[in-house]
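File shown here: work-v7.cif, holding mmCIF, C-alpha atoms.
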data_entry
#
loop_
_atom_site.label_atom_id
_atom_site.label_comp_id
_atom_site.auth_asym_id
_atom_site.auth_seq_id
_atom_site.Cartn_x
_atom_site.Cartn_y
_atom_site.Cartn_z
CA MET A 91 82.05 51.35 83.18
CA ASN A 92 80.91 54.72 84.42
CA LEU A 93 81.96 57.30 81.85
CA ASP A 94 81.74 60.56 83.77
CA LEU A 95 82.27 63.49 81.41
CA SER A 96 81.11 66.20 83.81
CA TRP A 97 84.66 67.60 83.94
CA MET A 98 84.25 68.57 80.30
CA ALA A 99 81.41 70.88 81.36
CA TRP A 100 79.16 70.11 78.41
CA THR A 101 76.29 72.42 77.53
CA TRP A 102 73.62 71.93 74.90
CA PRO A 103 74.75 74.89 72.74
CA THR A 104 78.39 73.71 72.65
CA ALA A 105 77.31 70.11 72.08
CA THR A 106 75.11 71.29 69.19
CA PHE A 107 78.08 73.21 67.79
CA PHE A 108 80.29 70.11 67.80
CA ILE A 109 77.50 67.90 66.45
CA VAL A 110 77.11 70.31 63.51
CA ILE A 111 80.88 70.22 62.89
CA ALA A 112 80.83 66.39 63.05
CA LEU A 113 77.87 66.28 60.65
CA LEU A 114 79.68 68.62 58.26
CA LEU A 115 82.74 66.34 58.31
CA ALA A 116 80.54 63.26 57.82
CA GLY A 117 78.77 65.03 54.96
CA MET A 118 82.09 65.91 53.35
CA SER A 119 83.18 62.26 53.65
CA VAL A 120 80.00 61.08 51.93
CA TRP A 121 80.48 63.75 49.23
CA GLU A 122 84.06 62.55 48.72
CA TYR A 123 82.86 58.92 48.50
CA VAL A 124 80.24 59.84 45.89
CA SER A 125 82.54 62.16 43.97
CA PRO A 126 86.18 61.29 44.75
CA GLY A 127 89.14 63.57 44.11
CA GLY A 128 88.12 66.60 46.19
CA ASN A 129 87.19 68.64 43.09
CA PRO A 130 90.38 70.76 43.04
CA ARG A 131 90.15 74.07 41.18
CA VAL A 132 91.62 77.55 41.07
CA GLY A 133 89.04 80.17 41.96
CA VAL A 134 89.03 83.81 43.00
CA LEU A 135 91.68 83.13 45.65
CA ARG A 136 94.05 82.33 42.76
CA PHE A 137 95.37 79.14 44.32
CA GLU A 138 94.14 75.58 44.10
CA THR A 139 91.57 74.57 46.68
CA THR A 140 89.84 71.27 47.26
CA ARG A 141 86.45 70.79 48.90
CA GLY A 142 88.17 70.23 52.25
CA ASP A 143 90.16 73.48 51.85
CA ARG A 144 86.95 75.33 51.08
CA LEU A 145 85.28 73.93 54.21
CA PHE A 146 88.30 74.94 56.29
CA ILE A 147 88.32 78.47 54.82
CA SER A 148 84.57 78.71 55.46
CA LEU A 149 84.81 77.56 59.09
CA LEU A 150 87.85 79.70 59.92
CA GLY A 151 86.33 82.75 58.23
CA SER A 152 83.02 82.14 60.04
CA ALA A 153 84.84 82.10 63.37
CA PHE A 154 86.37 85.50 62.62
CA ILE A 155 83.03 86.86 61.34
CA HIS A 156 81.45 85.89 64.67
CA LEU A 157 84.31 87.43 66.65
CA ALA A 158 84.17 90.64 64.61
CA TRP A 159 80.41 90.81 65.12
CA LEU A 160 80.80 90.32 68.86
CA GLY A 161 83.48 92.99 69.08
CA LEU A 162 81.95 95.55 66.74
CA VAL A 163 78.17 95.05 66.87
CA GLY A 164 76.87 93.13 69.87
CA PRO A 165 76.04 89.82 71.51
CA SER A 166 73.20 88.73 69.20
CA LEU A 167 74.92 86.42 66.76
CA TRP A 168 72.08 85.44 64.41
CA TRP A 169 73.10 87.99 61.79
CA ALA A 170 76.71 86.85 62.13
CA LEU A 171 75.52 83.29 61.53
CA ALA A 172 73.56 84.36 58.46
CA LEU A 173 76.58 86.28 57.17
CA SER A 174 78.78 83.23 57.76
CA VAL A 175 76.40 80.99 55.78
CA VAL A 176 76.47 83.47 52.88
CA TYR A 177 80.26 83.63 53.16
CA ALA A 178 80.51 79.81 53.13
CA ILE A 179 78.26 79.58 50.07
CA LEU A 180 80.44 82.14 48.28
CA VAL A 181 83.60 80.26 49.25
CA PHE A 182 82.20 76.94 47.99
CA ARG A 183 80.94 78.58 44.80
CA TYR A 184 83.83 80.85 43.84
CA ALA A 185 86.98 79.99 45.88
CA MET B 29 102.74 53.21 37.49
CA ASP B 30 99.19 53.06 38.87
CA LYS B 31 98.78 53.51 42.58
CA THR B 32 97.45 50.59 44.56
CA TRP B 33 94.30 51.59 46.45
CA ASN B 34 93.54 49.71 49.62
CA ASN B 35 91.04 51.32 51.94
CA LYS B 36 92.04 49.01 54.77
CA ALA B 37 95.13 51.19 55.06
CA TRP B 38 92.90 53.79 56.73
CA PHE B 39 92.92 51.58 59.83
CA LEU B 40 96.65 52.29 60.13
CA VAL B 41 95.76 55.94 60.71
CA LEU B 42 93.48 55.00 63.60
CA PRO B 43 96.13 55.07 66.38
CA VAL B 44 97.14 58.61 65.35
CA LEU B 45 93.51 59.69 65.30
CA VAL B 46 93.00 58.30 68.82
CA LEU B 47 96.14 60.06 70.05
CA VAL B 48 95.14 63.37 68.46
CA ALA B 49 91.64 63.00 69.91
CA PHE B 50 92.97 62.62 73.44
CA SER B 51 95.76 65.16 73.19
CA ALA B 52 94.06 67.86 71.11
CA VAL B 53 90.38 67.40 70.23
CA ILE B 54 89.00 66.57 73.68
CA PRO B 55 90.98 69.34 75.44
CA LEU B 56 89.87 71.78 72.73
CA MET B 57 86.23 70.76 73.20
CA THR B 58 86.63 71.28 76.94
CA VAL B 59 88.09 74.75 76.39
CA VAL B 60 85.13 75.62 74.13
CA ASN B 61 82.77 74.42 76.89
CA TYR B 62 84.59 76.47 79.52
CA SER B 63 84.60 79.58 77.33
CA VAL B 64 80.83 79.98 77.55
CA GLN B 65 80.55 79.29 81.28
CA ASP B 66 81.73 80.54 84.63
CA THR B 67 82.99 78.37 87.46
CA PHE B 68 84.04 78.83 91.05
CA GLY B 69 85.53 75.34 91.24
CA ASN B 70 83.98 72.15 92.59
CA ASN B 71 82.94 71.21 89.04
CA GLN B 72 80.02 73.65 89.11
CA PHE B 73 79.43 75.72 86.01
CA PHE B 74 77.12 78.62 85.22
CA TRP B 75 76.11 79.63 81.72
CA ALA B 76 77.71 82.91 80.62
CA GLY B 77 77.09 82.80 76.86
CA THR B 78 79.36 85.04 74.83
CA GLU B 79 80.13 87.33 77.77
CA TRP B 80 83.80 86.35 78.06
CA PHE B 81 84.40 86.84 74.35
CA GLU B 82 82.81 90.30 74.43
CA GLU B 83 84.81 91.21 77.50
CA LEU B 84 87.99 89.98 75.85
CA LEU B 85 87.42 91.79 72.57
CA HIS B 86 86.85 95.06 74.46
CA SER B 87 89.77 94.49 76.83
CA ASP B 88 92.72 96.87 76.54
CA ARG B 89 94.83 94.31 78.39
CA PHE B 90 94.25 91.68 75.68
CA TRP B 91 94.98 94.04 72.76
CA ALA B 92 98.07 95.38 74.51
CA ALA B 93 99.41 91.83 74.98
CA MET B 94 98.53 91.04 71.35
CA GLY B 95 100.35 94.16 70.18
CA ARG B 96 103.43 93.23 72.22
CA ASN B 97 103.32 89.73 70.75
CA LEU B 98 103.10 90.99 67.17
CA ILE B 99 105.89 93.54 67.71
CA PHE B 100 108.04 90.86 69.32
CA SER B 101 107.47 88.38 66.46
CA PHE B 102 108.17 91.09 63.87
CA ILE B 103 111.43 92.14 65.55
CA ILE B 104 112.50 88.50 65.97
CA LEU B 105 111.89 87.72 62.30
CA ALA B 106 113.53 90.96 61.16
CA ILE B 107 116.70 90.06 63.06
CA GLU B 108 116.90 86.27 62.94
CA VAL B 109 116.16 85.71 59.25
CA PRO B 110 118.78 88.09 57.75
CA LEU B 111 121.29 87.16 60.44
CA GLY B 112 120.66 83.44 59.87
CA ILE B 113 121.16 83.87 56.11
CA PHE B 114 124.34 85.87 56.68
CA ILE B 115 125.85 83.25 59.00
CA ALA B 116 124.82 80.36 56.73
CA LEU B 117 126.43 82.09 53.73
CA ASN B 118 129.68 82.46 55.63
CA MET B 119 129.83 78.93 57.00
CA PRO B 120 132.40 76.60 55.39
CA ARG B 121 131.11 74.06 52.86
CA LYS B 122 133.93 71.55 53.23
CA GLY B 123 136.71 70.53 55.60
CA TRP B 124 136.90 70.26 59.37
CA GLY B 125 135.11 73.57 59.83
CA VAL B 126 131.78 72.07 58.73
CA PRO B 127 131.17 69.73 61.71
CA VAL B 128 132.59 72.33 64.12
CA CYS B 129 130.24 75.03 62.86
CA LEU B 130 127.25 72.69 62.74
CA VAL B 131 127.80 71.55 66.35
CA LEU B 132 128.31 75.14 67.52
CA MET B 133 125.14 76.20 65.74
CA ALA B 134 123.15 73.28 67.13
CA LEU B 135 124.21 73.88 70.75
CA PRO B 136 121.76 76.68 71.66
CA LEU B 137 118.91 74.62 70.20
CA LEU B 138 119.67 71.81 72.63
CA VAL B 139 119.24 74.00 75.70
CA PRO B 140 115.76 73.70 77.28
CA TRP B 141 113.65 76.88 77.34
CA ASN B 142 113.61 77.30 81.12
CA VAL B 143 117.38 76.83 81.26
CA VAL B 144 117.83 79.50 78.57
CA GLY B 145 115.64 81.80 80.66
CA THR B 146 117.65 81.09 83.81
CA ILE B 147 120.98 81.60 82.01
CA TRP B 148 119.90 85.03 80.73
CA GLN B 149 118.23 85.95 84.00
CA VAL B 150 121.54 85.47 85.80
CA PHE B 151 123.61 86.82 82.88
CA GLY B 152 121.67 90.10 82.87
CA ARG B 153 121.73 90.73 86.62
CA THR B 154 123.53 93.91 87.55
CA ASP B 155 125.04 92.50 90.76
CA ILE B 156 126.43 89.13 89.66
CA GLY B 157 125.62 88.78 85.95
CA LEU B 158 128.43 89.20 83.46
CA LEU B 159 126.31 91.20 80.99
CA GLY B 160 124.53 93.42 83.48
CA TYR B 161 127.60 94.08 85.58
CA THR B 162 129.81 94.83 82.56
CA LEU B 163 127.28 97.19 80.97
CA ASN B 164 126.92 99.12 84.22
CA ALA B 165 130.70 99.16 84.69
CA ILE B 166 131.21 100.83 81.30
CA GLY B 167 128.59 103.44 82.14
CA ILE B 168 125.49 102.06 80.42
CA ASP B 169 122.48 102.23 82.71
CA TYR B 170 121.13 98.72 82.17
CA ASN B 171 118.64 97.06 84.48
CA TYR B 172 116.08 94.69 82.98
CA VAL B 173 114.16 94.47 86.25
CA ARG B 174 113.47 98.22 86.33
CA ASP B 175 113.56 99.44 82.73
CA PRO B 176 111.02 98.13 80.15
CA PHE B 177 113.38 98.91 77.26
CA ASP B 178 116.17 96.88 78.87
CA ALA B 179 113.73 94.05 79.56
CA TRP B 180 112.69 94.01 75.90
CA MET B 181 116.30 94.10 74.72
CA THR B 182 117.17 91.19 77.01
CA VAL B 183 114.25 89.08 75.83
CA ILE B 184 114.99 89.84 72.16
CA VAL B 185 118.74 89.16 72.42
CA MET B 186 117.97 85.96 74.33
CA ASP B 187 115.60 84.76 71.62
CA VAL B 188 118.09 85.69 68.89
CA TRP B 189 120.81 83.75 70.75
CA HIS B 190 118.53 80.75 71.19
CA TRP B 191 116.86 80.49 67.79
CA THR B 192 118.97 82.11 65.07
CA SER B 193 120.78 78.77 64.79
CA LEU B 194 117.59 77.17 63.52
CA VAL B 195 117.43 79.64 60.63
CA VAL B 196 121.16 79.13 60.02
CA LEU B 197 120.86 75.34 59.86
CA LEU B 198 117.83 75.48 57.56
CA CYS B 199 119.52 78.00 55.24
CA TYR B 200 122.72 76.00 55.29
CA ALA B 201 120.78 72.89 54.25
CA GLY B 202 119.35 74.89 51.35
CA LEU B 203 122.77 76.22 50.36
CA VAL B 204 124.59 72.87 50.33
CA SER B 205 121.91 71.41 48.07
CA ILE B 206 122.93 73.81 45.26
CA PRO B 207 125.00 71.91 42.69
CA ASP B 208 128.49 73.27 41.90
CA ALA B 209 127.47 73.64 38.25
CA PHE B 210 125.37 76.71 39.19
CA TYR B 211 128.39 78.45 40.71
CA GLN B 212 130.61 77.45 37.79
CA ALA B 213 128.10 78.90 35.31
CA ALA B 214 127.92 82.10 37.37
CA LYS B 215 131.71 82.35 37.40
CA ILE B 216 131.92 81.91 33.62
CA ASP B 217 129.32 84.69 33.23
CA GLY B 218 131.36 86.91 35.53
CA ALA B 219 128.50 87.24 38.01
CA SER B 220 129.11 89.41 41.07
CA ARG B 221 128.80 88.10 44.62
CA TRP B 222 125.46 89.88 44.93
CA SER B 223 124.17 88.36 41.66
CA VAL B 224 125.12 84.86 42.84
CA PHE B 225 123.21 85.48 46.06
CA ARG B 226 120.21 87.11 44.39
CA TYR B 227 119.75 84.73 41.45
CA ILE B 228 121.17 81.41 42.70
CA GLN B 229 121.38 81.16 46.47
CA LEU B 230 118.26 83.08 47.50
CA PRO B 231 115.87 81.24 45.13
CA LYS B 232 117.31 77.91 46.28
CA MET B 233 116.86 78.91 49.91
CA GLN B 234 113.36 80.25 49.45
CA ARG B 235 111.57 77.08 50.51
CA VAL B 236 113.63 76.53 53.66
CA LEU B 237 113.32 80.22 54.45
CA LEU B 238 109.55 79.94 54.34
CA ILE B 239 109.75 77.01 56.74
CA ALA B 240 112.08 79.03 58.97
CA VAL B 241 109.75 82.03 58.94
CA LEU B 242 106.74 79.83 59.70
CA LEU B 243 108.48 78.04 62.58
CA ARG B 244 109.98 81.19 64.05
CA PHE B 245 106.75 83.12 63.74
CA MET B 246 104.68 80.41 65.44
CA ASP B 247 107.28 79.89 68.15
CA SER B 248 107.77 83.59 68.87
CA PHE B 249 104.03 84.23 68.81
CA MET B 250 103.53 81.52 71.42
CA ILE B 251 106.62 82.37 73.49
CA TYR B 252 106.15 81.81 77.20
CA THR B 253 108.93 80.15 79.19
CA GLU B 254 111.97 82.35 78.49
CA PRO B 255 110.39 85.78 79.15
CA PHE B 256 108.46 84.33 82.08
CA VAL B 257 111.68 83.12 83.70
CA VAL B 258 113.66 86.30 82.90
CA THR B 259 111.17 89.10 83.47
CA GLY B 260 107.99 87.41 84.73
CA GLY B 261 106.12 89.68 82.29
CA GLY B 262 107.53 92.86 83.81
CA PRO B 263 108.52 95.47 84.62
CA GLY B 264 104.82 96.29 84.95
CA ASN B 265 103.26 94.54 81.99
CA SER B 266 105.92 95.53 79.48
CA THR B 267 106.90 91.97 78.52
CA THR B 268 103.56 90.33 79.24
CA PHE B 269 102.88 88.44 76.05
CA LEU B 270 99.60 86.69 75.30
CA SER B 271 100.72 83.35 76.71
CA ILE B 272 101.97 84.91 79.97
CA ASP B 273 98.74 86.89 80.29
CA LEU B 274 96.77 83.71 79.63
CA VAL B 275 98.54 81.78 82.37
CA LYS B 276 98.10 84.69 84.79
CA MET B 277 94.39 84.72 84.03
CA ALA B 278 93.85 80.95 84.19
CA LEU B 279 96.13 79.94 87.06
CA GLY B 280 96.82 83.21 88.88
CA GLN B 281 93.29 84.57 88.96
CA PHE B 282 91.51 81.23 88.33
CA ASP B 283 89.29 82.97 85.73
CA LEU B 284 88.81 79.81 83.70
CA GLY B 285 85.97 81.14 81.53
CA PRO B 286 87.78 84.31 80.32
CA ALA B 287 91.02 82.34 80.00
CA ALA B 288 89.26 79.74 77.82
CA ALA B 289 87.81 82.49 75.62
CA MET B 290 91.26 84.04 75.30
CA SER B 291 92.78 80.64 74.45
CA LEU B 292 90.29 80.17 71.64
CA VAL B 293 90.88 83.60 70.12
CA TYR B 294 94.64 83.06 70.45
CA PHE B 295 94.27 79.61 68.83
CA LEU B 296 92.23 81.03 65.94
CA ILE B 297 94.84 83.72 65.25
CA VAL B 298 97.68 81.17 65.26
CA LEU B 299 95.58 78.85 63.06
CA LEU B 300 94.86 81.64 60.56
CA LEU B 301 98.46 82.80 60.32
CA SER B 302 99.79 79.23 60.07
CA TRP B 303 97.30 78.50 57.31
CA VAL B 304 98.40 81.61 55.42
CA PHE B 305 102.07 80.58 55.69
CA TYR B 306 101.23 76.97 54.76
CA THR B 307 99.23 78.09 51.73
CA VAL B 308 102.02 80.37 50.57
CA MET B 309 104.54 77.53 50.95
CA THR B 310 102.50 74.87 49.16
CA ASN B 311 101.58 77.24 46.33
CA TYR B 312 105.18 78.21 45.91
CA ASP B 313 105.97 74.49 45.57
CA ALA B 314 103.18 74.02 43.04
CA GLU B 315 104.43 76.96 40.96
CA ARG B 316 107.89 75.46 40.85
#
Let me see the file written as structure tokens.
Amino acid sequence: MNLDLSWMAWTWPTATFFIVIALLLAGMSVWEYVSPGGNPRVGVLRFETTRGDRLFISLLGSAFIHLAWLGLVGPSLWWALALSVVYAILVFRYA
Amino acid sequence: MDKTWNNKAWFLVLPVLVLVAFSAVIPLMTVVNYSVQDTFGNNQFFWAGTEWFEELLHSDRFWAAMGRNLIFSFIILAIEVPLGIFIALNMPRKGWGVPVCLVLMALPLLVPWNVVGTIWQVFGRTDIGLLGYTLNAIGIDYNYVRDPFDAWMTVIVMDVWHWTSLVVLLCYAGLVSIPDAFYQAAKIDGASRWSVFRYIQLPKMQRVLLIAVLLRFMDSFMIYTEPFVVTGGGPGNSTTFLSIDLVKMALGQFDLGPAAAMSLVYFLIVLLLSWVFYTVMTNYDAER
């Protein structure tokens, strides 16, 4: 079977992006297997979040950080990436 | 009673995962791929990086469409939610009036979007439409093809006609679930009509109201068919909402890269707002 995916217009940067997302999900699954229950807690957001919620908040927030950086600062996104990592760490630590 | 854990049950989720993958994940991946490239057709793509996103975020056209969308959603919610509550409160709770009212309320929801658009497009015409002709006959200068204000009014009234019933039915479901004992207790206490509404009916409707707000917000924020059929986004760009602009860009101009970037930003905004509503709803449940 010839699986032609050229219509999806893959590029290495977008493929890397999705591989990272897939690895994050796989990592979260392993984490859940090792420590089941999702570690629910009430943090600074003042509502209960599980590990999955915290990942979602991190990813969604990171997307908006990147967009804000693009709109307000410029096309170089390395600082936006660094800011997103810091944001994600804060979310996982305190949210 | 302890829950029975059986991990083989996960396999039952597999068909849904496959369906979601084909209907949502793969198209979304493709849109992400398109958003960083340019194409002139023939399956040839050229790397553009973040160019389309930058262009979009600095585009007056995009922010204007976004503004129109937000204003439209706000107006829709401001009208449909109070009106829906008002109608639900005044609907009969027993007798032959119940099925009659429920069927009447459900009717607009059964009409397909493009048919609703066509109905109002004809209804508002000044030459043959009942609404347009009558308004002009009584001296009101109404023409939705020429006047942006009239176009907005038409689109808003059309949406109110089409979707207020949803809010009504949800509120009504919340109201009929209130046991009679609550009303009896209120009567014994001599509670006013307002107090009954404020302290009994409104709290009991709160959950369905949140669902109604969420559904109506998402729907109105993604509205496409009705205004497209009635006004085509005009006059000028006055009723060009994000979805209409997106279709113009993707299919009218064949700018697939910019359209993909716009789709993603649009998707992220809808995702964020839906998550906020969902979180509010689930936390409200948890508090109760």
Original post:
For the atom pair CA of His156 in chain A and CA of Glu79 in chain B, what is the interatomic distance in Å to one decimal place?
Top reply: 13.2 Å
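With all atoms listed in the file taken into account, chain A has Ser96, Trp97, Met98, Ala99, Trp100, Thr101, Thr104, Ala105, Phe108, Phe137, Glu138, Leu150, Gly151, Ala153, Phe154, Leu157, Ala158, Leu160, Gly161, Leu162, Gly164 and Pro165 of chain A at most 9 Å from chain B.
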**OP:** Fewer than 3 positions away in the same chain doesn't count, so skip those; otherwise give me all residues within 6 Å of range 128-140 of chain B, counting all atoms listed in the file, as a PyMOL selection string.
**Re:** chain B and resi 125+143+190+193
**OP:** Name every residue that the PyMOL selection byres ((chain B and resi 172) around 10) selects in this structure, writing the answer as an MDAnalysis selection string with chains first and numbers rising.
**Re:** chainID B and resid 149 152:154 160 169:171 173:183 258:259 262:263
**OP:** Starting from the displayed file, determine the output of the PyMOL selection byres ((chain B and resi 246) around 12) and express the residue list as a ChimeraX atom specification.
**Re:** /B:97-98,100-102,104-105,239-245,247-252,294-295,297-306
Please output range 137-157 of chain A, rebuilt to include N, CA and C atoms, as a JSON list (two decimals), keeping the file's coordinate frame.
[["chain", "number", "residue", "atom", "x", "y", "z"],
["A", 137, "PHE", "N", 94.58, 80.34, 44.06],
["A", 137, "PHE", "CA", 95.37, 79.14, 44.32],
["A", 137, "PHE", "C", 94.42, 77.96, 44.39],
["A", 138, "GLU", "N", 95.00, 76.76, 44.20],
["A", 138, "GLU", "CA", 94.14, 75.58, 44.10],
["A", 138, "GLU", "C", 93.53, 75.22, 45.44],
["A", 139, "THR", "N", 92.23, 75.01, 45.45],
["A", 139, "THR", "CA", 91.57, 74.57, 46.68],
["A", 139, "THR", "C", 90.75, 73.32, 46.38],
["A", 140, "THR", "N", 90.73, 72.43, 47.36],
["A", 140, "THR", "CA", 89.84, 71.27, 47.26],
["A", 140, "THR", "C", 88.59, 71.55, 48.10],
["A", 141, "ARG", "N", 87.67, 70.63, 48.08],
["A", 141, "ARG", "CA", 86.45, 70.79, 48.90],
["A", 141, "ARG", "C", 86.79, 70.96, 50.37],
["A", 142, "GLY", "N", 87.76, 70.15, 50.84],
["A", 142, "GLY", "CA", 88.17, 70.23, 52.25],
["A", 142, "GLY", "C", 88.75, 71.60, 52.58],
["A", 143, "ASP", "N", 89.59, 72.13, 51.66],
["A", 143, "ASP", "CA", 90.16, 73.48, 51.85],
["A", 143, "ASP", "C", 89.04, 74.50, 51.96],
["A", 144, "ARG", "N", 88.04, 74.35, 51.09],
["A", 144, "ARG", "CA", 86.95, 75.33, 51.08],
["A", 144, "ARG", "C", 86.15, 75.27, 52.38],
["A", 145, "LEU", "N", 85.99, 74.05, 52.92],
["A", 145, "LEU", "CA", 85.28, 73.93, 54.21],
["A", 145, "LEU", "C", 86.12, 74.60, 55.31],
["A", 146, "PHE", "N", 87.42, 74.35, 55.28],
["A", 146, "PHE", "CA", 88.30, 74.94, 56.29],
["A", 146, "PHE", "C", 88.25, 76.46, 56.22],
["A", 147, "ILE", "N", 88.35, 76.99, 54.99],
["A", 147, "ILE", "CA", 88.32, 78.47, 54.82],
["A", 147, "ILE", "C", 86.98, 79.01, 55.32],
["A", 148, "SER", "N", 85.90, 78.27, 55.02],
["A", 148, "SER", "CA", 84.57, 78.71, 55.46],
["A", 148, "SER", "C", 84.48, 78.74, 56.98],
["A", 149, "LEU", "N", 84.93, 77.65, 57.63],
["A", 149, "LEU", "CA", 84.81, 77.56, 59.09],
["A", 149, "LEU", "C", 85.69, 78.60, 59.78],
["A", 150, "LEU", "N", 86.94, 78.74, 59.29],
["A", 150, "LEU", "CA", 87.85, 79.70, 59.92],
["A", 150, "LEU", "C", 87.32, 81.13, 59.72],
["A", 151, "GLY", "N", 86.89, 81.42, 58.51],
["A", 151, "GLY", "CA", 86.33, 82.75, 58.23],
["A", 151, "GLY", "C", 85.10, 83.01, 59.07],
["A", 152, "SER", "N", 84.26, 81.98, 59.23],
["A", 152, "SER", "CA", 83.02, 82.14, 60.04],
["A", 152, "SER", "C", 83.39, 82.47, 61.48],
["A", 153, "ALA", "N", 84.43, 81.82, 61.99],
["A", 153, "ALA", "CA", 84.84, 82.10, 63.37],
["A", 153, "ALA", "C", 85.22, 83.57, 63.52],
["A", 154, "PHE", "N", 85.96, 84.10, 62.54],
["A", 154, "PHE", "CA", 86.37, 85.50, 62.62],
["A", 154, "PHE", "C", 85.19, 86.45, 62.38],
["A", 155, "ILE", "N", 84.24, 86.04, 61.53],
["A", 155, "ILE", "CA", 83.03, 86.86, 61.34],
["A", 155, "ILE", "C", 82.29, 86.99, 62.67],
["A", 156, "HIS", "N", 82.14, 85.87, 63.38],
["A", 156, "HIS", "CA", 81.45, 85.89, 64.67],
["A", 156, "HIS", "C", 82.19, 86.76, 65.69],
["A", 157, "LEU", "N", 83.52, 86.62, 65.70],
["A", 157, "LEU", "CA", 84.31, 87.43, 66.65],
["A", 157, "LEU", "C", 84.19, 88.92, 66.32]]
